[in-house]
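Text of protein-v5.tsv (TSV, N, CA and C atoms) as supplied:
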```tsv
chain	number	residue	atom	x	y	z
E	134	MET	N	-103.81	-73.19	-45.98
E	134	MET	CA	-103.24	-74.20	-45.08
E	134	MET	C	-103.14	-75.52	-45.83
E	135	THR	N	-102.11	-76.22	-45.48
E	135	THR	CA	-101.87	-77.47	-46.18
E	135	THR	C	-101.19	-78.46	-45.24
E	136	GLY	N	-101.21	-79.72	-45.57
E	136	GLY	CA	-100.55	-80.74	-44.76
E	136	GLY	C	-101.43	-81.24	-43.65
E	137	SER	N	-101.02	-82.34	-43.04
E	137	SER	CA	-101.84	-82.98	-42.01
E	137	SER	C	-101.94	-82.14	-40.75
E	138	ASN	N	-100.96	-81.31	-40.47
E	138	ASN	CA	-101.00	-80.47	-39.28
E	138	ASN	C	-101.73	-79.16	-39.52
E	139	ARG	N	-102.15	-78.93	-40.75
E	139	ARG	CA	-102.89	-77.72	-41.11
E	139	ARG	C	-102.10	-76.46	-40.82
E	140	LEU	N	-100.79	-76.53	-40.96
E	140	LEU	CA	-99.93	-75.37	-40.78
E	140	LEU	C	-99.80	-74.62	-42.09
E	141	ARG	N	-99.80	-73.31	-42.00
E	141	ARG	CA	-99.61	-72.47	-43.18
E	141	ARG	C	-98.16	-72.56	-43.64
E	142	ILE	N	-97.95	-72.79	-44.92
E	142	ILE	CA	-96.62	-72.78	-45.50
E	142	ILE	C	-96.37	-71.39	-46.09
E	143	TYR	N	-95.25	-70.81	-45.70
E	143	TYR	CA	-94.87	-69.49	-46.20
E	143	TYR	C	-94.13	-69.63	-47.52
E	144	GLU	N	-94.50	-68.79	-48.48
E	144	GLU	CA	-93.72	-68.69	-49.71
E	144	GLU	C	-92.35	-68.12	-49.34
E	145	GLU	N	-91.33	-68.44	-50.12
E	145	GLU	CA	-89.98	-67.99	-49.80
E	145	GLU	C	-89.88	-66.47	-49.72
E	146	THR	N	-90.58	-65.75	-50.59
E	146	THR	CA	-90.52	-64.28	-50.55
E	146	THR	C	-91.16	-63.74	-49.28
E	147	GLU	N	-92.27	-64.36	-48.85
E	147	GLU	CA	-92.90	-63.96	-47.58
E	147	GLU	C	-91.98	-64.21	-46.40
E	148	ALA	N	-91.38	-65.40	-46.40
E	148	ALA	CA	-90.48	-65.77	-45.31
E	148	ALA	C	-89.29	-64.82	-45.25
E	149	ALA	N	-88.72	-64.50	-46.40
E	149	ALA	CA	-87.57	-63.60	-46.46
E	149	ALA	C	-87.93	-62.21	-45.92
E	150	ALA	N	-89.10	-61.71	-46.28
E	150	ALA	CA	-89.54	-60.39	-45.79
E	150	ALA	C	-89.73	-60.42	-44.28
E	151	ARG	N	-90.26	-61.49	-43.79
E	151	ARG	CA	-90.45	-61.63	-42.35
E	151	ARG	C	-89.12	-61.69	-41.61
E	152	LEU	N	-88.15	-62.38	-42.18
E	152	LEU	CA	-86.83	-62.45	-41.55
E	152	LEU	C	-86.18	-61.08	-41.46
E	153	VAL	N	-86.32	-60.28	-42.48
E	153	VAL	CA	-85.74	-58.93	-42.45
E	153	VAL	C	-86.25	-58.17	-41.24
E	154	ALA	N	-87.53	-58.29	-40.96
E	154	ALA	CA	-88.15	-57.56	-39.85
E	154	ALA	C	-87.89	-58.21	-38.50
E	155	GLU	N	-87.86	-59.54	-38.44
E	155	GLU	CA	-87.83	-60.23	-37.15
E	155	GLU	C	-86.50	-60.88	-36.79
E	156	LEU	N	-85.81	-61.41	-37.77
E	156	LEU	CA	-84.58	-62.17	-37.53
E	156	LEU	C	-83.56	-61.81	-38.62
E	157	PRO	N	-83.00	-60.62	-38.56
E	157	PRO	CA	-82.17	-60.13	-39.66
E	157	PRO	C	-80.89	-60.92	-39.92
E	158	ARG	N	-80.46	-61.75	-38.99
E	158	ARG	CA	-79.26	-62.57	-39.22
E	158	ARG	C	-79.59	-63.89	-39.91
E	159	TRP	N	-80.84	-64.14	-40.14
E	159	TRP	CA	-81.30	-65.35	-40.81
E	159	TRP	C	-81.63	-65.01	-42.26
E	160	GLU	N	-81.67	-66.05	-43.11
E	160	GLU	CA	-82.03	-65.88	-44.51
E	160	GLU	C	-82.83	-67.09	-44.97
E	161	VAL	N	-83.42	-66.97	-46.14
E	161	VAL	CA	-84.08	-68.12	-46.77
E	161	VAL	C	-83.09	-68.66	-47.79
E	162	ALA	N	-82.81	-69.95	-47.70
E	162	ALA	CA	-81.88	-70.61	-48.63
E	162	ALA	C	-82.39	-72.02	-48.92
E	163	ASP	N	-82.59	-72.31	-50.17
E	163	ASP	CA	-83.02	-73.65	-50.60
E	163	ASP	C	-84.25	-74.13	-49.84
E	164	GLY	N	-85.22	-73.24	-49.64
E	164	GLY	CA	-86.47	-73.62	-49.00
E	164	GLY	C	-86.39	-73.80	-47.50
E	165	HIS	N	-85.35	-73.29	-46.87
E	165	HIS	CA	-85.16	-73.37	-45.41
E	165	HIS	C	-84.90	-71.99	-44.84
E	166	LEU	N	-85.21	-71.82	-43.56
E	166	LEU	CA	-84.67	-70.68	-42.83
E	166	LEU	C	-83.25	-71.09	-42.46
E	167	ARG	N	-82.28	-70.21	-42.67
E	167	ARG	CA	-80.89	-70.59	-42.46
E	167	ARG	C	-80.13	-69.50	-41.71
E	168	ARG	N	-79.26	-69.95	-40.81
E	168	ARG	CA	-78.39	-69.04	-40.06
E	168	ARG	C	-77.05	-69.72	-39.90
E	169	ILE	N	-75.99	-68.97	-40.10
E	169	ILE	CA	-74.64	-69.49	-39.87
E	169	ILE	C	-74.07	-68.73	-38.68
E	170	PHE	N	-73.71	-69.47	-37.65
E	170	PHE	CA	-73.05	-68.89	-36.49
E	170	PHE	C	-71.54	-69.08	-36.67
E	171	ARG	N	-70.81	-68.00	-36.58
E	171	ARG	CA	-69.35	-68.08	-36.61
E	171	ARG	C	-68.89	-68.29	-35.18
E	172	VAL	N	-68.07	-69.29	-34.98
E	172	VAL	CA	-67.61	-69.65	-33.64
E	172	VAL	C	-66.09	-69.81	-33.64
E	173	GLN	N	-65.53	-69.92	-32.46
E	173	GLN	CA	-64.08	-70.03	-32.30
E	173	GLN	C	-63.68	-71.50	-32.22
E	174	GLY	N	-63.62	-72.16	-33.37
E	174	GLY	CA	-63.09	-73.50	-33.39
E	174	GLY	C	-64.12	-74.61	-33.22
E	175	TRP	N	-63.60	-75.82	-33.11
E	175	TRP	CA	-64.42	-77.02	-33.06
E	175	TRP	C	-65.19	-77.15	-31.75
E	176	LYS	N	-64.53	-76.90	-30.63
E	176	LYS	CA	-65.19	-77.02	-29.33
E	176	LYS	C	-66.40	-76.09	-29.25
E	177	SER	N	-66.24	-74.88	-29.72
E	177	SER	CA	-67.36	-73.93	-29.71
E	177	SER	C	-68.48	-74.39	-30.63
E	178	ALA	N	-68.13	-74.96	-31.78
E	178	ALA	CA	-69.15	-75.48	-32.70
E	178	ALA	C	-69.97	-76.57	-32.02
E	179	LEU	N	-69.30	-77.45	-31.29
E	179	LEU	CA	-70.01	-78.51	-30.59
E	179	LEU	C	-70.92	-77.96	-29.50
E	180	LEU	N	-70.46	-76.96	-28.78
E	180	LEU	CA	-71.28	-76.36	-27.72
E	180	LEU	C	-72.52	-75.69	-28.30
E	181	VAL	N	-72.36	-74.94	-29.37
E	181	VAL	CA	-73.50	-74.28	-30.01
E	181	VAL	C	-74.47	-75.33	-30.55
E	182	ALA	N	-73.95	-76.35	-31.21
E	182	ALA	CA	-74.82	-77.41	-31.74
E	182	ALA	C	-75.58	-78.11	-30.62
E	183	GLY	N	-74.92	-78.34	-29.49
E	183	GLY	CA	-75.60	-78.97	-28.35
E	183	GLY	C	-76.74	-78.12	-27.82
E	184	ALA	N	-76.52	-76.82	-27.73
E	184	ALA	CA	-77.58	-75.91	-27.27
E	184	ALA	C	-78.76	-75.93	-28.23
E	185	ILE	N	-78.47	-75.89	-29.52
E	185	ILE	CA	-79.54	-75.92	-30.52
E	185	ILE	C	-80.26	-77.27	-30.48
E	186	GLY	N	-79.50	-78.34	-30.32
E	186	GLY	CA	-80.11	-79.66	-30.22
E	186	GLY	C	-81.05	-79.77	-29.04
E	187	HIS	N	-80.67	-79.21	-27.91
E	187	HIS	CA	-81.53	-79.22	-26.73
E	187	HIS	C	-82.84	-78.48	-27.01
E	188	LEU	N	-82.74	-77.28	-27.57
E	188	LEU	CA	-83.94	-76.50	-27.87
E	188	LEU	C	-84.84	-77.24	-28.86
E	189	ALA	N	-84.22	-77.81	-29.90
E	189	ALA	CA	-85.00	-78.52	-30.92
E	189	ALA	C	-85.72	-79.73	-30.35
E	190	GLU	N	-85.03	-80.47	-29.51
E	190	GLU	CA	-85.66	-81.66	-28.92
E	190	GLU	C	-86.82	-81.28	-28.02
E	191	ARG	N	-86.64	-80.23	-27.23
E	191	ARG	CA	-87.74	-79.76	-26.36
E	191	ARG	C	-88.93	-79.30	-27.19
E	192	ALA	N	-88.66	-78.71	-28.35
E	192	ALA	CA	-89.73	-78.21	-29.22
E	192	ALA	C	-90.29	-79.32	-30.12
E	193	TRP	N	-89.62	-80.46	-30.15
E	193	TRP	CA	-89.96	-81.56	-31.05
E	193	TRP	C	-90.01	-81.07	-32.49
E	194	HIS	N	-88.96	-80.33	-32.83
E	194	HIS	CA	-88.81	-79.77	-34.18
E	194	HIS	C	-87.32	-79.86	-34.50
E	195	HIS	N	-86.95	-80.61	-35.50
E	195	HIS	CA	-85.56	-81.01	-35.67
E	195	HIS	C	-84.91	-80.38	-36.89
E	196	PRO	N	-84.01	-79.43	-36.66
E	196	PRO	CA	-83.32	-78.77	-37.76
E	196	PRO	C	-82.20	-79.62	-38.33
E	197	GLU	N	-81.72	-79.19	-39.48
E	197	GLU	CA	-80.48	-79.74	-40.02
E	197	GLU	C	-79.36	-78.88	-39.45
E	198	LEU	N	-78.33	-79.51	-38.94
E	198	LEU	CA	-77.16	-78.80	-38.43
E	198	LEU	C	-75.95	-79.26	-39.23
E	199	ARG	N	-75.13	-78.31	-39.63
E	199	ARG	CA	-73.87	-78.61	-40.31
E	199	ARG	C	-72.76	-77.94	-39.51
E	200	LEU	N	-71.87	-78.76	-39.01
E	200	LEU	CA	-70.79	-78.26	-38.17
E	200	LEU	C	-69.47	-78.35	-38.89
E	201	ALA	N	-68.65	-77.36	-38.67
E	201	ALA	CA	-67.28	-77.35	-39.19
E	201	ALA	C	-66.46	-76.51	-38.22
E	202	TRP	N	-65.17	-76.59	-38.34
E	202	TRP	CA	-64.32	-75.76	-37.50
E	202	TRP	C	-64.69	-74.30	-37.79
E	203	GLY	N	-65.12	-73.60	-36.77
E	203	GLY	CA	-65.40	-72.17	-36.91
E	203	GLY	C	-66.80	-71.80	-37.36
E	204	ARG	N	-67.70	-72.79	-37.51
E	204	ARG	CA	-69.05	-72.42	-37.95
E	204	ARG	C	-70.07	-73.51	-37.65
E	205	VAL	N	-71.29	-73.05	-37.42
E	205	VAL	CA	-72.44	-73.94	-37.26
E	205	VAL	C	-73.54	-73.39	-38.15
E	206	GLU	N	-74.00	-74.20	-39.08
E	206	GLU	CA	-75.10	-73.80	-39.95
E	206	GLU	C	-76.37	-74.49	-39.47
E	207	VAL	N	-77.43	-73.70	-39.32
E	207	VAL	CA	-78.74	-74.20	-38.89
E	207	VAL	C	-79.70	-74.02	-40.06
E	208	ARG	N	-80.43	-75.08	-40.39
E	208	ARG	CA	-81.43	-75.02	-41.46
E	208	ARG	C	-82.74	-75.55	-40.91
E	209	LEU	N	-83.77	-74.72	-41.00
E	209	LEU	CA	-85.09	-75.07	-40.46
E	209	LEU	C	-86.12	-75.17	-41.58
E	210	ARG	N	-86.89	-76.24	-41.54
E	210	ARG	CA	-88.01	-76.46	-42.46
E	210	ARG	C	-88.89	-77.51	-41.80
E	211	THR	N	-90.17	-77.26	-41.76
E	211	THR	CA	-91.09	-78.21	-41.15
E	211	THR	C	-91.30	-79.39	-42.09
E	212	HIS	N	-91.14	-80.60	-41.57
E	212	HIS	CA	-91.23	-81.80	-42.40
E	212	HIS	C	-92.67	-82.13	-42.79
E	213	ASP	N	-93.61	-81.86	-41.90
E	213	ASP	CA	-95.02	-82.16	-42.20
E	213	ASP	C	-95.87	-81.00	-41.71
E	214	PRO	N	-96.28	-80.11	-42.60
E	214	PRO	CA	-96.15	-80.15	-44.05
E	214	PRO	C	-94.75	-79.77	-44.48
E	215	ASP	N	-94.41	-80.04	-45.69
E	215	ASP	CA	-93.06	-79.83	-46.20
E	215	ASP	C	-92.90	-78.38	-46.66
E	216	GLY	N	-92.44	-77.53	-45.74
E	216	GLY	CA	-92.24	-76.13	-46.09
E	216	GLY	C	-91.89	-75.31	-44.86
E	217	ILE	N	-91.72	-74.02	-45.06
E	217	ILE	CA	-91.42	-73.10	-43.96
E	217	ILE	C	-92.73	-72.72	-43.30
E	218	THR	N	-92.82	-72.95	-41.99
E	218	THR	CA	-94.04	-72.66	-41.24
E	218	THR	C	-93.72	-71.82	-40.01
E	219	GLU	N	-94.75	-71.50	-39.26
E	219	GLU	CA	-94.59	-70.75	-38.03
E	219	GLU	C	-93.68	-71.47	-37.05
E	220	ARG	N	-93.67	-72.78	-37.08
E	220	ARG	CA	-92.78	-73.55	-36.20
E	220	ARG	C	-91.32	-73.20	-36.44
E	221	ASP	N	-90.97	-72.99	-37.69
E	221	ASP	CA	-89.59	-72.65	-38.03
E	221	ASP	C	-89.21	-71.28	-37.50
E	222	PHE	N	-90.12	-70.32	-37.65
E	222	PHE	CA	-89.85	-68.99	-37.11
E	222	PHE	C	-89.74	-69.03	-35.59
E	223	ALA	N	-90.60	-69.80	-34.94
E	223	ALA	CA	-90.57	-69.88	-33.47
E	223	ALA	C	-89.26	-70.47	-32.98
E	224	LEU	N	-88.80	-71.55	-33.61
E	224	LEU	CA	-87.54	-72.15	-33.18
E	224	LEU	C	-86.36	-71.25	-33.52
E	225	ALA	N	-86.40	-70.59	-34.66
E	225	ALA	CA	-85.33	-69.64	-35.02
E	225	ALA	C	-85.22	-68.53	-33.97
E	226	ARG	N	-86.35	-68.01	-33.53
E	226	ARG	CA	-86.33	-66.95	-32.49
E	226	ARG	C	-85.70	-67.48	-31.21
E	227	ARG	N	-86.08	-68.68	-30.80
E	227	ARG	CA	-85.54	-69.25	-29.56
E	227	ARG	C	-84.04	-69.52	-29.70
E	228	ILE	N	-83.61	-70.04	-30.84
E	228	ILE	CA	-82.19	-70.26	-31.07
E	228	ILE	C	-81.43	-68.94	-30.99
E	229	GLU	N	-81.96	-67.93	-31.61
E	229	GLU	CA	-81.31	-66.62	-31.60
E	229	GLU	C	-81.20	-66.07	-30.18
E	230	GLU	N	-82.27	-66.23	-29.40
E	230	GLU	CA	-82.26	-65.76	-28.02
E	230	GLU	C	-81.21	-66.49	-27.18
E	231	VAL	N	-81.13	-67.80	-27.33
E	231	VAL	CA	-80.24	-68.59	-26.47
E	231	VAL	C	-78.79	-68.51	-26.96
E	232	VAL	N	-78.55	-68.81	-28.22
E	232	VAL	CA	-77.18	-68.81	-28.72
E	232	VAL	C	-76.62	-67.39	-28.79
E	233	GLY	N	-77.46	-66.45	-29.12
E	233	GLY	CA	-77.00	-65.06	-29.24
E	233	GLY	C	-77.02	-64.29	-27.93
E	234	TRP	N	-77.44	-64.92	-26.85
E	234	TRP	CA	-77.53	-64.24	-25.55
E	234	TRP	C	-76.17	-63.73	-25.11
E	235	ARG	N	-76.16	-62.53	-24.55
E	235	ARG	CA	-74.95	-61.93	-23.99
E	235	ARG	C	-75.25	-61.51	-22.56
E	236	PRO	N	-74.33	-61.77	-21.64
E	236	PRO	CA	-74.55	-61.33	-20.26
E	236	PRO	C	-74.73	-59.82	-20.21
E	237	GLY	N	-75.58	-59.39	-19.33
E	237	GLY	CA	-75.84	-57.97	-19.19
E	237	GLY	C	-75.88	-57.56	-17.75
E	238	GLU	N	-77.04	-57.21	-17.29
E	238	GLU	CA	-77.20	-56.68	-15.95
E	238	GLU	C	-77.53	-57.75	-14.91
E	239	GLU	N	-77.38	-59.03	-15.27
E	239	GLU	CA	-77.71	-60.12	-14.35
E	239	GLU	C	-76.64	-60.35	-13.30
E	240	GLY	N	-75.55	-59.59	-13.34
E	240	GLY	CA	-74.45	-59.83	-12.43
E	240	GLY	C	-73.42	-60.79	-12.98
E	241	LEU	N	-73.57	-61.19	-14.23
E	241	LEU	CA	-72.63	-62.08	-14.90
E	241	LEU	C	-71.68	-61.23	-15.75
E	242	ASP	N	-70.40	-61.53	-15.68
E	242	ASP	CA	-69.41	-60.73	-16.38
E	242	ASP	C	-69.32	-61.04	-17.87
E	243	GLY	N	-69.53	-62.26	-18.26
E	243	GLY	CA	-69.39	-62.64	-19.65
E	243	GLY	C	-67.97	-63.05	-19.97
E	244	THR	N	-67.78	-63.53	-21.18
E	244	THR	CA	-66.47	-63.98	-21.65
E	244	THR	C	-65.51	-62.81	-21.68
E	245	PRO	N	-64.28	-62.99	-21.20
E	245	PRO	CA	-63.30	-61.89	-21.25
E	245	PRO	C	-63.05	-61.42	-22.68
E	246	ALA	N	-62.65	-60.18	-22.83
E	246	ALA	CA	-62.40	-59.61	-24.15
E	246	ALA	C	-61.17	-60.21	-24.83
E	247	ASP	N	-60.36	-60.90	-24.09
E	247	ASP	CA	-59.15	-61.53	-24.62
E	247	ASP	C	-59.54	-62.55	-25.70
E	248	PRO	N	-58.99	-62.45	-26.91
E	248	PRO	CA	-59.36	-63.38	-27.99
E	248	PRO	C	-59.08	-64.84	-27.68
E	249	ARG	N	-58.21	-65.13	-26.74
E	249	ARG	CA	-57.96	-66.52	-26.37
E	249	ARG	C	-59.20	-67.19	-25.81
E	250	PHE	N	-60.13	-66.40	-25.31
E	250	PHE	CA	-61.33	-66.95	-24.69
E	250	PHE	C	-62.58	-66.77	-25.56
E	251	ALA	N	-62.38	-66.38	-26.80
E	251	ALA	CA	-63.51	-66.17	-27.71
E	251	ALA	C	-64.31	-67.46	-27.82
E	252	TYR	N	-65.59	-67.31	-27.97
E	252	TYR	CA	-66.49	-68.46	-28.03
E	252	TYR	C	-67.34	-68.34	-29.29
E	253	ILE	N	-68.27	-67.40	-29.28
E	253	ILE	CA	-69.06	-67.11	-30.46
E	253	ILE	C	-68.55	-65.79	-31.01
E	254	LEU	N	-68.20	-65.77	-32.27
E	254	LEU	CA	-67.65	-64.56	-32.87
E	254	LEU	C	-68.80	-63.66	-33.29
E	255	GLU	N	-68.59	-62.38	-33.14
E	255	GLU	CA	-69.61	-61.42	-33.51
E	255	GLU	C	-69.80	-61.44	-35.04
E	256	ASP	N	-71.03	-61.23	-35.46
E	256	ASP	CA	-71.31	-61.18	-36.89
E	256	ASP	C	-70.67	-59.95	-37.50
E	257	ARG	N	-70.19	-60.14	-38.73
E	257	ARG	CA	-69.65	-59.04	-39.51
E	257	ARG	C	-70.56	-58.83	-40.71
E	258	PRO	N	-70.64	-57.62	-41.22
E	258	PRO	CA	-71.44	-57.40	-42.43
E	258	PRO	C	-70.98	-58.35	-43.53
E	259	GLY	N	-71.92	-58.98	-44.19
E	259	GLY	CA	-71.61	-59.89	-45.28
E	259	GLY	C	-71.45	-61.34	-44.84
E	260	ASP	N	-71.44	-61.60	-43.53
E	260	ASP	CA	-71.30	-62.98	-43.06
E	260	ASP	C	-72.63	-63.68	-43.09
```

Serialized structure, structure tokens:
Amino acid sequence: MTGSNRLRIYEETEAAARLVAELPRWEVADGHLRRIFRVQGWKSALLVAGAIGHLAERAWHHPELRLAWGRVEVRLRTHDPDGITERDFALARRIEEVVGWRPGEEGLDGTPADPRFAYILEDRPGD
């Protein structure tokens, strides 16, 4: 354990192995947990970023967000201590649950299959 919060810092290889098992759409990049969400345009990027911002603020854990037309990149790393910690995994799981949520048996129909109404694009191998 290291840092003032006494949080364990994960080595990048440990973090990467954990992601394979727990969050396969995430990766370790430049000392961060990273996920790129493919979205349908700028409006969708803003909506996804807003959802992530809400979760981060409630958790008092602030990721780096990079927005562009058609994509939102999330980068997580705990500032104190400076490294990947359990806090990053916890927020990544919550982001995945909320942003990746799909309507099911709750009585909600979900976004129509028509591409004009696409919002978050499904992941493709290699993305």

- Item | chain E: residues DSSP assigns to alpha helix (DSSP H), reported as number ranges by chain | E: 145-155, 174-192, 219-232

- Message: For a quick check of understanding, using only C-alpha atoms, which of E:Ala162, E:Val231, E:Ala251, E:Ile217 has the smallest distance to Ser177 of chain E?
- Response: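 Answer, going by the shortest atom-to-atom distance: E:Ala251.
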
- Record the distance separating atom CA of Arg210 of chain E and atom CA of Gly183 of chain E, expressed in Å with one decimal. 19.0 Å

- Item | Counting all atoms listed in the file, the option among E:Leu200, E:Ile142, E:Val172, E:Ala150 closest to Tyr252 of chain E |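 Closest candidate: E:Val172.
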
- Item | Contacts of Arg171 of chain E at 10 Å (only C-alpha atoms; same-chain gap of 2+ positions) as a list in words |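 The neighbour list is Arg168, Ile169, Gln173, Gly174, Ser177, Ala178, Val181, Ala201, Trp202, Gly203, Arg204, Val205, Glu206, Tyr252, Ile253, Leu254, Glu255, Asp256, Arg257 and Asp260 of chain E.
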
Convert the current residue selection to file output with N, CA and C atoms, as a tab-separated table (two decimals), in the coordinates of the input.
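Once everything was written out, this is out.tsv:
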```
chain	number	residue	atom	x	y	z
E	168	ARG	N	-79.26	-69.95	-40.81
E	168	ARG	CA	-78.39	-69.04	-40.06
E	168	ARG	C	-77.05	-69.72	-39.90
E	169	ILE	N	-75.99	-68.97	-40.10
E	169	ILE	CA	-74.64	-69.49	-39.87
E	169	ILE	C	-74.07	-68.73	-38.68
E	173	GLN	N	-65.53	-69.92	-32.46
E	173	GLN	CA	-64.08	-70.03	-32.30
E	173	GLN	C	-63.68	-71.50	-32.22
E	174	GLY	N	-63.62	-72.16	-33.37
E	174	GLY	CA	-63.09	-73.50	-33.39
E	174	GLY	C	-64.12	-74.61	-33.22
E	177	SER	N	-66.24	-74.88	-29.72
E	177	SER	CA	-67.36	-73.93	-29.71
E	177	SER	C	-68.48	-74.39	-30.63
E	178	ALA	N	-68.13	-74.96	-31.78
E	178	ALA	CA	-69.15	-75.48	-32.70
E	178	ALA	C	-69.97	-76.57	-32.02
E	181	VAL	N	-72.36	-74.94	-29.37
E	181	VAL	CA	-73.50	-74.28	-30.01
E	181	VAL	C	-74.47	-75.33	-30.55
E	201	ALA	N	-68.65	-77.36	-38.67
E	201	ALA	CA	-67.28	-77.35	-39.19
E	201	ALA	C	-66.46	-76.51	-38.22
E	202	TRP	N	-65.17	-76.59	-38.34
E	202	TRP	CA	-64.32	-75.76	-37.50
E	202	TRP	C	-64.69	-74.30	-37.79
E	203	GLY	N	-65.12	-73.60	-36.77
E	203	GLY	CA	-65.40	-72.17	-36.91
E	203	GLY	C	-66.80	-71.80	-37.36
E	204	ARG	N	-67.70	-72.79	-37.51
E	204	ARG	CA	-69.05	-72.42	-37.95
E	204	ARG	C	-70.07	-73.51	-37.65
E	205	VAL	N	-71.29	-73.05	-37.42
E	205	VAL	CA	-72.44	-73.94	-37.26
E	205	VAL	C	-73.54	-73.39	-38.15
E	206	GLU	N	-74.00	-74.20	-39.08
E	206	GLU	CA	-75.10	-73.80	-39.95
E	206	GLU	C	-76.37	-74.49	-39.47
E	252	TYR	N	-65.59	-67.31	-27.97
E	252	TYR	CA	-66.49	-68.46	-28.03
E	252	TYR	C	-67.34	-68.34	-29.29
E	253	ILE	N	-68.27	-67.40	-29.28
E	253	ILE	CA	-69.06	-67.11	-30.46
E	253	ILE	C	-68.55	-65.79	-31.01
E	254	LEU	N	-68.20	-65.77	-32.27
E	254	LEU	CA	-67.65	-64.56	-32.87
E	254	LEU	C	-68.80	-63.66	-33.29
E	255	GLU	N	-68.59	-62.38	-33.14
E	255	GLU	CA	-69.61	-61.42	-33.51
E	255	GLU	C	-69.80	-61.44	-35.04
E	256	ASP	N	-71.03	-61.23	-35.46
E	256	ASP	CA	-71.31	-61.18	-36.89
E	256	ASP	C	-70.67	-59.95	-37.50
E	257	ARG	N	-70.19	-60.14	-38.73
E	257	ARG	CA	-69.65	-59.04	-39.51
E	257	ARG	C	-70.56	-58.83	-40.71
E	260	ASP	N	-71.44	-61.60	-43.53
E	260	ASP	CA	-71.30	-62.98	-43.06
E	260	ASP	C	-72.63	-63.68	-43.09
```

- Could you please write out, as a list in words, every residue of segment 169-252 of chain E that DSSP assigns to strand (DSSP E or B)?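 Those in segment 169-252 of chain E that DSSP calls strand (DSSP E or B) are Ile169, Phe170, Arg171, Val172, Glu197, Leu198, Arg199, Leu200, Ala201, Arg204, Val205, Glu206, Val207, Arg208, Leu209, Thr211, Gly216 and Ile217 of chain E.
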
- Message: What's the separation between atom CA of Asp221 of chain E and atom N of Asp163 of chain E, in Å to one decimal place?
- Response: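 For atom CA of Asp221 of chain E relative to atom N of Asp163 of chain E, the distance reads 14.0 Å.
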
- Message: Restricting the calculation to only C-alpha atoms: of E:Phe222, E:Trp234, E:Phe250, E:Trp159, which residue gets closest to His194 of chain E?
- Response: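 Smallest separation from His194 of chain E among the options: E:Phe222.
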
- Residue with the minimum atom-to-atom distance to Gly164 of chain E, picked from E:Ala184, E:Leu209, E:Leu152, E:Leu241 with only N, CA and C atoms counted, is E:Leu209

- Message: Ranking E:Ala182, E:Leu188, E:Ala148, E:Leu156 by minimum distance to Arg227 of chain E and counting only C-alpha atoms, which one comes first?
- Response: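 So, comparing all the options, the nearest one is E:Leu188.
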
- What lies within 6 Å of Arg167 of chain E using only N, CA and C atoms, ignoring chain neighbours under 6 positions off, as a list in words?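 Near Arg167 of chain E, the qualifying residues are Arg158, Trp159, Glu160, Val161, Val207, Arg208 and Leu209 of chain E.
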
- Message: Please determine, counting only C-alpha atoms, which residue among E:Glu230, E:Leu224, E:Leu166, E:Gly216 has the shortest atom-to-atom distance to Trp193 of chain E.
- Response: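 Once distances to Trp193 of chain E are computed over only C-alpha atoms, the minimum belongs to E:Leu224.
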
- Can you work out the spacing between atom N of Arg141 of chain E and atom CA of Gly233 of chain E in Å, to one decimal?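 These atoms are spaced 27.4 Å apart.
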
Emit a file covering segment 243-254 of chain E of the preceding structure with N, CA and C atoms, as a CSV table (one decimal), in the first residue's frame.
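Ended up saving to selection.csv:
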```
chain,number,residue,atom,x,y,z
E,243,GLY,N,-36.7,0.0,-25.5
E,243,GLY,CA,-35.3,0.3,-26.0
E,243,GLY,C,-35.4,1.1,-27.3
E,244,THR,N,-34.2,1.5,-27.8
E,244,THR,CA,-34.1,2.3,-29.0
E,244,THR,C,-34.5,1.4,-30.2
E,245,PRO,N,-35.3,2.0,-31.1
E,245,PRO,CA,-35.6,1.2,-32.3
E,245,PRO,C,-34.4,0.7,-33.1
E,246,ALA,N,-34.6,-0.4,-33.8
E,246,ALA,CA,-33.5,-1.0,-34.6
E,246,ALA,C,-33.1,-0.1,-35.8
E,247,ASP,N,-33.9,0.8,-36.1
E,247,ASP,CA,-33.7,1.7,-37.2
E,247,ASP,C,-32.4,2.5,-37.0
E,248,PRO,N,-31.4,2.5,-37.9
E,248,PRO,CA,-30.1,3.2,-37.6
E,248,PRO,C,-30.3,4.7,-37.4
E,249,ARG,N,-31.4,5.3,-37.9
E,249,ARG,CA,-31.6,6.7,-37.7
E,249,ARG,C,-31.6,7.1,-36.2
E,250,PHE,N,-32.0,6.1,-35.4
E,250,PHE,CA,-32.2,6.3,-33.9
E,250,PHE,C,-31.0,5.7,-33.1
E,251,ALA,N,-29.9,5.3,-33.8
E,251,ALA,CA,-28.8,4.7,-33.1
E,251,ALA,C,-28.3,5.7,-32.0
E,252,TYR,N,-27.8,5.2,-30.9
E,252,TYR,CA,-27.3,6.1,-29.9
E,252,TYR,C,-25.9,5.6,-29.5
E,253,ILE,N,-25.8,4.5,-28.9
E,253,ILE,CA,-24.5,3.9,-28.6
E,253,ILE,C,-24.3,2.7,-29.5
E,254,LEU,N,-23.2,2.7,-30.3
E,254,LEU,CA,-23.0,1.6,-31.3
E,254,LEU,C,-22.4,0.4,-30.6
```
